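Participant: So here's data.pdb (PDB, C-alpha atoms).
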```pdb
ATOM      1  CA  MET A   1     -69.295  80.700-147.187
ATOM      2  CA  ALA A   2     -71.192  83.967-147.205
ATOM      3  CA  ASP A   3     -74.021  84.941-144.858
ATOM      4  CA  GLY A   4     -73.385  82.436-142.119
ATOM      5  CA  GLY A   5     -71.988  79.725-144.386
ATOM      6  CA  THR A   6     -75.151  77.841-145.357
ATOM      7  CA  ALA A   7     -75.551  76.434-148.848
ATOM      8  CA  GLU A   8     -78.966  78.110-149.104
ATOM      9  CA  ALA A   9     -77.480  81.513-148.290
ATOM     10  CA  VAL A  10     -74.769  81.068-150.879
ATOM     11  CA  ALA A  11     -77.313  79.996-153.496
ATOM     12  CA  ARG A  12     -79.349  83.157-152.851
ATOM     13  CA  ASP A  13     -76.219  85.255-153.122
ATOM     14  CA  ILE A  14     -74.812  83.971-156.392
ATOM     15  CA  ALA A  15     -77.687  84.192-158.882
ATOM     16  CA  VAL A  16     -77.192  86.974-161.449
ATOM     17  CA  ASP A  17     -80.548  87.617-163.094
ATOM     18  CA  GLY A  18     -80.725  84.250-164.821
ATOM     19  CA  ILE A  19     -77.385  84.839-166.570
ATOM     20  CA  ALA A  20     -74.900  83.113-164.297
ATOM     21  CA  GLU A  21     -74.403  81.616-160.878
ATOM     22  CA  LEU A  22     -71.191  83.059-159.511
ATOM     23  CA  ASP A  23     -69.298  80.577-157.372
ATOM     24  CA  HIS A  24     -68.139  82.911-154.596
ATOM     25  CA  ASP A  25     -67.375  79.912-152.384
ATOM     26  CA  ARG A  26     -64.867  78.371-154.792
ATOM     27  CA  ALA A  27     -61.879  80.176-153.256
ATOM     28  CA  ARG A  28     -62.643  78.638-149.860
ATOM     29  CA  ARG A  29     -63.585  75.237-151.257
ATOM     30  CA  ARG A  30     -60.752  74.747-153.762
ATOM     31  CA  GLY A  31     -58.210  77.362-152.738
ATOM     32  CA  TYR A  32     -58.590  79.223-156.031
ATOM     33  CA  PRO A  33     -61.316  81.687-157.089
ATOM     34  CA  GLU A  34     -63.622  81.419-160.074
ATOM     35  CA  ALA A  35     -62.692  82.718-163.524
ATOM     36  CA  VAL A  36     -65.105  84.262-166.017
ATOM     37  CA  PHE A  37     -64.728  82.977-169.587
ATOM     38  CA  CYS A  38     -65.747  85.995-171.658
ATOM     39  CA  GLN A  39     -65.836  84.481-175.135
ATOM     40  CA  GLY A  40     -69.442  83.834-176.110
ATOM     41  CA  LYS A  41     -70.834  86.169-173.465
ATOM     42  CA  SER A  42     -72.353  89.478-174.525
ATOM     43  CA  PRO A  43     -71.008  92.790-173.189
ATOM     44  CA  ALA A  44     -74.303  93.244-171.324
ATOM     45  CA  GLN A  45     -73.905  89.885-169.617
ATOM     46  CA  LEU A  46     -70.352  90.711-168.612
ATOM     47  CA  ARG A  47     -71.437  94.070-167.197
ATOM     48  CA  ALA A  48     -74.030  92.248-165.102
ATOM     49  CA  ILE A  49     -71.435  89.762-163.822
ATOM     50  CA  ALA A  50     -68.943  92.528-163.051
ATOM     51  CA  THR A  51     -71.654  94.503-161.254
ATOM     52  CA  ALA A  52     -72.525  91.489-159.117
ATOM     53  CA  LEU A  53     -68.876  91.152-158.122
ATOM     54  CA  ALA A  54     -68.555  94.859-157.323
ATOM     55  CA  GLU A  55     -71.681  94.765-155.153
ATOM     56  CA  ARG A  56     -70.631  91.552-153.443
ATOM     57  CA  TYR A  57     -67.303  93.009-152.288
ATOM     58  CA  ALA A  58     -68.294  96.659-151.787
ATOM     59  CA  GLY A  59     -66.459  98.005-148.769
ATOM     60  CA  VAL A  60     -64.180  94.953-148.442
ATOM     61  CA  PRO A  61     -60.438  95.802-148.419
ATOM     62  CA  ALA A  62     -58.846  94.843-151.737
ATOM     63  CA  GLU A  63     -56.404  92.486-150.039
ATOM     64  CA  ASP A  64     -59.348  90.455-148.701
ATOM     65  CA  VAL A  65     -61.117  90.125-152.061
ATOM     66  CA  PRO A  66     -60.344  86.912-153.978
ATOM     67  CA  VAL A  67     -59.032  87.715-157.453
ATOM     68  CA  THR A  68     -61.470  87.124-160.309
ATOM     69  CA  LEU A  69     -59.910  86.537-163.718
ATOM     70  CA  PHE A  70     -61.777  87.434-166.900
ATOM     71  CA  THR A  71     -60.317  85.328-169.720
ATOM     72  CA  ARG A  72     -60.676  85.500-173.509
ATOM     73  CA  ALA A  73     -61.819  89.110-173.266
ATOM     74  CA  ASP A  74     -61.503  90.836-176.625
ATOM     75  CA  ALA A  75     -61.526  94.642-176.796
ATOM     76  CA  GLU A  76     -65.322  94.941-176.727
ATOM     77  CA  ARG A  77     -65.736  92.577-173.783
ATOM     78  CA  ALA A  78     -62.827  94.055-171.868
ATOM     79  CA  GLU A  79     -64.418  97.489-172.267
ATOM     80  CA  ALA A  80     -67.659  96.146-170.779
ATOM     81  CA  VAL A  81     -65.849  94.794-167.703
ATOM     82  CA  LEU A  82     -63.774  97.948-167.267
ATOM     83  CA  ALA A  83     -66.917 100.086-167.414
ATOM     84  CA  VAL A  84     -67.920  98.505-164.103
ATOM     85  CA  LEU A  85     -64.482  97.661-162.669
ATOM     86  CA  PRO A  86     -62.279 100.488-163.971
ATOM     87  CA  ASP A  87     -59.451  99.625-161.597
ATOM     88  CA  ALA A  88     -59.072  96.070-162.936
ATOM     89  CA  MET A  89     -55.769  94.994-164.443
ATOM     90  CA  HIS A  90     -56.104  94.610-168.206
ATOM     91  CA  GLU A  91     -53.552  92.865-170.414
ATOM     92  CA  PRO A  92     -54.846  93.200-174.004
ATOM     93  CA  GLU A  93     -52.236  90.870-175.509
ATOM     94  CA  ALA A  94     -53.361  88.027-173.244
ATOM     95  CA  GLN A  95     -57.041  89.095-173.433
ATOM     96  CA  LEU A  96     -57.064  88.885-169.646
ATOM     97  CA  LEU A  97     -58.412  91.072-166.850
ATOM     98  CA  ALA A  98     -57.904  90.623-163.120
ATOM     99  CA  TRP A  99     -59.859  92.258-160.320
ATOM    100  CA  PRO A 100     -58.596  93.419-157.884
ATOM    101  CA  ALA A 101     -55.577  94.493-159.912
ATOM    102  CA  THR A 102     -52.879  93.727-157.339
ATOM    103  CA  PRO A 103     -51.759  90.085-157.365
ATOM    104  CA  PRO A 104     -51.789  88.255-154.044
ATOM    105  CA  ARG A 105     -48.565  87.918-152.103
ATOM    106  CA  PRO A 106     -46.659  85.094-153.805
ATOM    107  CA  THR A 107     -46.227  81.806-151.992
ATOM    108  CA  GLY A 108     -44.967  78.396-152.998
ATOM    109  CA  GLY A 109     -42.506  77.741-155.782
ATOM    110  CA  LEU A 110     -41.520  79.558-158.949
ATOM    111  CA  VAL A 111     -43.461  78.996-162.176
ATOM    112  CA  VAL A 112     -41.366  79.520-165.302
ATOM    113  CA  VAL A 113     -43.183  80.020-168.603
ATOM    114  CA  ALA A 114     -41.111  79.132-171.669
ATOM    115  CA  CYS A 115     -42.546  80.582-174.868
ATOM    116  CA  ALA A 116     -41.329  79.000-178.098
ATOM    117  CA  GLY A 117     -41.893  81.966-180.411
ATOM    118  CA  THR A 118     -43.099  85.554-180.389
ATOM    119  CA  SER A 119     -46.321  84.427-182.087
ATOM    120  CA  ASP A 120     -47.054  82.275-179.027
ATOM    121  CA  LEU A 121     -46.758  85.205-176.614
ATOM    122  CA  PRO A 122     -50.499  85.913-176.136
ATOM    123  CA  VAL A 123     -51.067  82.400-174.795
ATOM    124  CA  ALA A 124     -47.832  82.455-172.801
ATOM    125  CA  ARG A 125     -48.776  85.750-171.175
ATOM    126  CA  GLU A 126     -52.203  84.371-170.289
ATOM    127  CA  ALA A 127     -50.505  81.397-168.613
ATOM    128  CA  GLU A 128     -47.992  83.551-166.754
ATOM    129  CA  LEU A 129     -50.535  86.065-165.477
ATOM    130  CA  THR A 130     -52.900  83.296-164.421
ATOM    131  CA  ALA A 131     -50.190  81.663-162.310
ATOM    132  CA  ARG A 132     -49.207  85.042-160.858
ATOM    133  CA  TYR A 133     -52.754  86.008-159.886
ATOM    134  CA  LEU A 134     -53.205  82.579-158.323
ATOM    135  CA  GLY A 135     -50.348  83.405-155.982
ATOM    136  CA  ARG A 136     -47.098  82.199-157.559
ATOM    137  CA  ARG A 137     -43.882  83.912-158.509
ATOM    138  CA  THR A 138     -43.490  83.770-162.271
ATOM    139  CA  GLU A 139     -40.813  84.303-164.868
ATOM    140  CA  LEU A 140     -41.391  84.477-168.618
ATOM    141  CA  VAL A 141     -38.707  83.176-170.993
ATOM    142  CA  VAL A 142     -39.409  84.151-174.600
ATOM    143  CA  ASP A 143     -38.377  83.022-178.074
ATOM    144  CA  VAL A 144     -36.634  79.787-177.087
ATOM    145  CA  GLY A 145     -38.063  77.439-179.703
ATOM    146  CA  VAL A 146     -36.330  74.346-181.048
ATOM    147  CA  ALA A 147     -35.207  76.085-184.248
ATOM    148  CA  GLY A 148     -32.264  77.321-182.153
ATOM    149  CA  LEU A 149     -31.640  74.869-179.322
ATOM    150  CA  HIS A 150     -28.858  77.034-177.903
ATOM    151  CA  ARG A 151     -31.540  79.501-176.765
ATOM    152  CA  ILE A 152     -33.346  77.094-174.460
ATOM    153  CA  LEU A 153     -30.072  75.509-173.298
ATOM    154  CA  ALA A 154     -28.879  78.961-172.246
ATOM    155  CA  ARG A 155     -31.866  79.183-169.861
ATOM    156  CA  THR A 156     -31.330  75.804-168.201
ATOM    157  CA  GLU A 157     -30.465  77.322-164.828
ATOM    158  CA  THR A 158     -33.700  79.315-164.792
ATOM    159  CA  LEU A 159     -35.750  76.297-165.849
ATOM    160  CA  ARG A 160     -34.205  74.134-163.136
ATOM    161  CA  SER A 161     -35.081  76.701-160.464
ATOM    162  CA  ALA A 162     -38.813  76.245-161.119
ATOM    163  CA  ALA A 163     -41.298  74.150-159.195
ATOM    164  CA  ALA A 164     -43.308  73.874-162.409
ATOM    165  CA  VAL A 165     -42.513  74.810-166.004
ATOM    166  CA  ILE A 166     -45.139  75.843-168.542
ATOM    167  CA  VAL A 167     -44.031  75.380-172.143
ATOM    168  CA  VAL A 168     -46.090  77.162-174.791
ATOM    169  CA  ALA A 169     -45.447  76.203-178.406
ATOM    170  CA  GLY A 170     -47.124  75.926-181.783
ATOM    171  CA  MET A 171     -45.752  74.677-185.111
ATOM    172  CA  ASP A 172     -44.351  71.172-184.397
ATOM    173  CA  GLY A 173     -44.794  71.472-180.614
ATOM    174  CA  ALA A 174     -41.473  69.786-179.820
ATOM    175  CA  LEU A 175     -40.275  72.161-177.103
ATOM    176  CA  PRO A 176     -42.034  70.594-174.052
ATOM    177  CA  GLY A 177     -40.294  67.263-174.621
ATOM    178  CA  VAL A 178     -36.935  69.012-174.875
ATOM    179  CA  VAL A 179     -37.524  70.946-171.664
ATOM    180  CA  ALA A 180     -38.779  67.864-169.807
ATOM    181  CA  GLY A 181     -35.467  66.182-170.600
ATOM    182  CA  LEU A 182     -33.598  69.010-168.869
ATOM    183  CA  VAL A 183     -35.516  69.544-165.617
ATOM    184  CA  SER A 184     -36.869  67.591-162.652
ATOM    185  CA  ALA A 185     -40.022  69.694-162.263
ATOM    186  CA  PRO A 186     -43.320  68.766-163.958
ATOM    187  CA  VAL A 187     -43.826  70.349-167.382
ATOM    188  CA  VAL A 188     -47.229  71.713-168.363
ATOM    189  CA  ALA A 189     -47.415  71.781-172.165
ATOM    190  CA  VAL A 190     -49.700  74.290-173.874
ATOM    191  CA  PRO A 191     -50.108  73.845-177.642
ATOM    192  CA  THR A 192     -51.042  76.915-179.644
ATOM    193  CA  SER A 193     -52.870  77.333-182.929
ATOM    194  CA  VAL A 194     -49.801  79.042-184.426
ATOM    195  CA  GLY A 195     -48.474  77.344-187.538
ATOM    196  CA  TYR A 196     -48.879  76.648-191.238
ATOM    197  CA  GLY A 197     -51.636  74.515-192.755
ATOM    198  CA  ALA A 198     -50.440  71.099-191.613
ATOM    199  CA  ALA A 199     -50.358  72.342-188.036
ATOM    200  CA  PHE A 200     -54.168  72.118-188.259
ATOM    201  CA  ASP A 201     -54.778  75.083-185.942
ATOM    202  CA  GLY A 202     -52.873  73.472-183.080
ATOM    203  CA  LEU A 203     -53.793  69.821-183.534
ATOM    204  CA  ALA A 204     -50.291  68.868-184.731
ATOM    205  CA  PRO A 205     -48.482  70.369-181.695
ATOM    206  CA  LEU A 206     -51.145  68.912-179.394
ATOM    207  CA  LEU A 207     -50.468  65.398-180.716
ATOM    208  CA  THR A 208     -46.696  65.916-180.513
ATOM    209  CA  MET A 209     -46.983  66.973-176.881
ATOM    210  CA  LEU A 210     -49.238  64.028-176.036
ATOM    211  CA  ASN A 211     -46.611  61.742-177.589
ATOM    212  CA  ALA A 212     -43.600  63.324-175.858
ATOM    213  CA  CYS A 213     -41.084  60.610-175.011
ATOM    214  CA  ALA A 214     -39.755  62.488-171.967
ATOM    215  CA  PRO A 215     -41.791  61.646-168.839
ATOM    216  CA  GLY A 216     -43.371  64.299-166.667
ATOM    217  CA  VAL A 217     -45.257  66.204-169.381
ATOM    218  CA  GLY A 218     -48.924  67.051-168.884
ATOM    219  CA  VAL A 219     -50.854  68.638-171.739
ATOM    220  CA  VAL A 220     -53.767  71.088-171.697
ATOM    221  CA  ASN A 221     -56.004  72.122-174.569
ATOM    222  CA  ILE A 222     -55.015  74.213-177.579
ATOM    223  CA  ASP A 223     -54.445  77.908-176.721
ATOM    224  CA  ASN A 224     -55.527  77.225-173.115
ATOM    225  CA  GLY A 225     -53.083  79.505-171.332
ATOM    226  CA  TYR A 226     -55.467  79.854-168.415
ATOM    227  CA  GLY A 227     -55.634  76.083-167.926
ATOM    228  CA  GLY A 228     -51.859  75.764-168.133
ATOM    229  CA  GLY A 229     -51.283  78.590-165.683
ATOM    230  CA  HIS A 230     -53.835  77.222-163.243
ATOM    231  CA  LEU A 231     -52.370  73.710-163.276
ATOM    232  CA  ALA A 232     -48.824  74.997-162.811
ATOM    233  CA  ALA A 233     -49.965  77.212-159.913
ATOM    234  CA  GLN A 234     -51.473  74.158-158.222
ATOM    235  CA  ILE A 235     -48.312  72.116-158.762
ATOM    236  CA  ALA A 236     -46.144  74.906-157.331
ATOM    237  CA  ALA A 237     -48.451  75.603-154.365
ATOM    238  CA  PRO A 238     -46.915  75.550-150.881
ATOM    239  CA  ARG A 239     -47.159  72.220-149.118
ATOM    240  CA  ALA A 240     -48.063  71.705-145.478
ATOM    241  CA  ASP A 241     -45.279  70.074-143.454
TER     242      ASP A 241
END
```
Rewrite the structure from the file as structure tokens, please.

Facilitator:
Amino acid sequence: MADGGTAEAVARDIAVDGIAELDHDRARRRGYPEAVFCQGKSPAQLRAIATALAERYAGVPAEDVPVTLFTRADAERAEAVLAVLPDAMHEPEAQLLAWPATPPRPTGGLVVVACAGTSDLPVAREAELTARYLGRRTELVVDVGVAGLHRILARTETLRSAAAVIVVAGMDGALPGVVAGLVSAPVVAVPTSVGYGAAFDGLAPLLTMLNACAPGVGVVNIDNGYGGGHLAAQIAAPRAD
């Protein structure tokens, strides 16, 4: 903890003008730093949060600063963060920022992200970058949906090299069950809101994934690439002997 490690000192340190209470101790307590969910926050609020982070770690070498992820940051909100943290990594497709921009040195196992279709890429990229900035090696496999099973079968070797596999799919959401039948690693299924009317903005693939007949599939919420990436990073974390 900061300032001698007392809870009172941390509480004094984390208040941001009645807007937020930044959990600077989370990296020590859980092993993973806090993320800032930008959707619903105003640009002014995000500038205040980014300023608090910049002041907190002023003068600290970048390699000693725990990475803060800013998720669901549209163009306006990303601009607000970058106005304060101009050196942050920004991936517009994933609506994700990371500060500091350099990912930590990777440890643990490989996280493979299998993306069913190009339309699912924003969520898949969010999942991949989350796992990478939480300290894992990552590999993104794109356009391997069940409409052409030969595509996913051709990547079996890559899938089987992973400590955890994230499968991102919309439409019917069948891909996680297929992948889980091919690998021994846990599969983190991420349904997306991609699909025609009866997909119900992701509800149909969510239910398919929850009903997967292959064991070893865990499901996160619709379009929750951050949640999928975080869970996979925890699964693939190095283990003490």

Participant: Compile the contact shell of Arg125 (chain A) as a CSV table (one decimal) with C-alpha atoms, in the frame of the given file: residues with an atom at most 12 Å away, counting only C-alpha atoms, same-chain residues fewer than 5 positions apart removed.

Facilitator:
```csv
chain,number,residue,atom,x,y,z
A,71,THR,CA,-60.3,85.3,-169.7
A,90,HIS,CA,-56.1,94.6,-168.2
A,91,GLU,CA,-53.6,92.9,-170.4
A,92,PRO,CA,-54.8,93.2,-174.0
A,93,GLU,CA,-52.2,90.9,-175.5
A,94,ALA,CA,-53.4,88.0,-173.2
A,95,GLN,CA,-57.0,89.1,-173.4
A,96,LEU,CA,-57.1,88.9,-169.6
A,97,LEU,CA,-58.4,91.1,-166.8
A,112,VAL,CA,-41.4,79.5,-165.3
A,113,VAL,CA,-43.2,80.0,-168.6
A,114,ALA,CA,-41.1,79.1,-171.7
A,115,CYS,CA,-42.5,80.6,-174.9
A,118,THR,CA,-43.1,85.6,-180.4
A,119,SER,CA,-46.3,84.4,-182.1
A,120,ASP,CA,-47.1,82.3,-179.0
A,130,THR,CA,-52.9,83.3,-164.4
A,131,ALA,CA,-50.2,81.7,-162.3
A,132,ARG,CA,-49.2,85.0,-160.9
A,133,TYR,CA,-52.8,86.0,-159.9
A,138,THR,CA,-43.5,83.8,-162.3
A,139,GLU,CA,-40.8,84.3,-164.9
A,140,LEU,CA,-41.4,84.5,-168.6
A,141,VAL,CA,-38.7,83.2,-171.0
A,142,VAL,CA,-39.4,84.2,-174.6
A,166,ILE,CA,-45.1,75.8,-168.5
A,167,VAL,CA,-44.0,75.4,-172.1
A,168,VAL,CA,-46.1,77.2,-174.8
A,190,VAL,CA,-49.7,74.3,-173.9
A,223,ASP,CA,-54.4,77.9,-176.7
A,224,ASN,CA,-55.5,77.2,-173.1
A,225,GLY,CA,-53.1,79.5,-171.3
A,226,TYR,CA,-55.5,79.9,-168.4
A,228,GLY,CA,-51.9,75.8,-168.1
A,229,GLY,CA,-51.3,78.6,-165.7
```

Participant: Could you check how far CA of Pro103 (chain A) sits from CA of Thr68 (chain A), in Å to one decimal?

Facilitator: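 Between these atoms lies a distance of 10.6 Å.
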
Participant: Could you spell out the hits of the PyMOL selection byres ((chain A and resi 147) around 12) on the shown file, as a list in words?

Facilitator: Ala116, Gly117, Asp143, Val144, Gly145, Val146, Gly148, Leu149, His150, Arg151, Ile152, Ala169, Met171, Asp172, Gly173, Ala174, Leu175 and Val178 of chain A

Participant: Hey, can you check how far CA of Phe70 (chain A) sits from CA of Phe37 (chain A)?

Facilitator: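 If I compute the distance from CA of Phe70 (chain A) to CA of Phe37 (chain A), I get 6.0 Å.
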
Participant: So the first atom is CA of Glu34 (chain A) and the second is CA of Thr192 (chain A); what is the distance between them in Å, to one decimal place?

Facilitator: 23.7 Å

Participant: At a cut-off of 10 Å, using all atoms listed in the file, what residues contact Val179 (chain A)? Leave out same-chain residues fewer than 3 positions from it and give the result as a ChimeraX atom specification.

Facilitator: /A:114,152-153,156,159-160,165-167,174-176,182-187,189,214,217

Participant: When you count only C-alpha atoms, which of these residues is closest to Glu76 (chain A): A:Ala52, A:Cys38, A:Ala88, A:Gly108?

Facilitator: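 That would be A:Cys38, the residue with the smallest distance to Glu76 (chain A).
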
Participant: So what does the PyMOL selection byres ((chain A and resi 45) around 12) actually pick up in this one, as JSON, numbers by chain?

Facilitator: {"A": [16, 17, 18, 19, 20, 36, 37, 38, 39, 40, 41, 42, 43, 44, 46, 47, 48, 49, 50, 51, 52, 77, 80, 81, 84]}

Participant: Looking at only C-alpha atoms, which of A:Val194, A:Val60, A:Ala240, A:Ile235 is the one that sits closest to Pro122 (chain A)?

Facilitator: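 For Pro122 (chain A), the nearest of the candidates is A:Val194.
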
Participant: Enumerate, as a list in words, the residues matched when the PyMOL selection byres ((chain A and resi 238) around 7) is run on the file above.

Facilitator: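 This file gives the following for the PyMOL selection byres ((chain A and resi 238) around 7): Thr107, Gly108, Gly109, Ala236, Ala237, Arg239 and Ala240 of chain A.
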
Participant: Which residue, A:Leu121, A:Ala180, A:Glu55, A:Val188, has the smallest gap to Gly218 (chain A) when you use only C-alpha atoms?

Facilitator: A:Val188
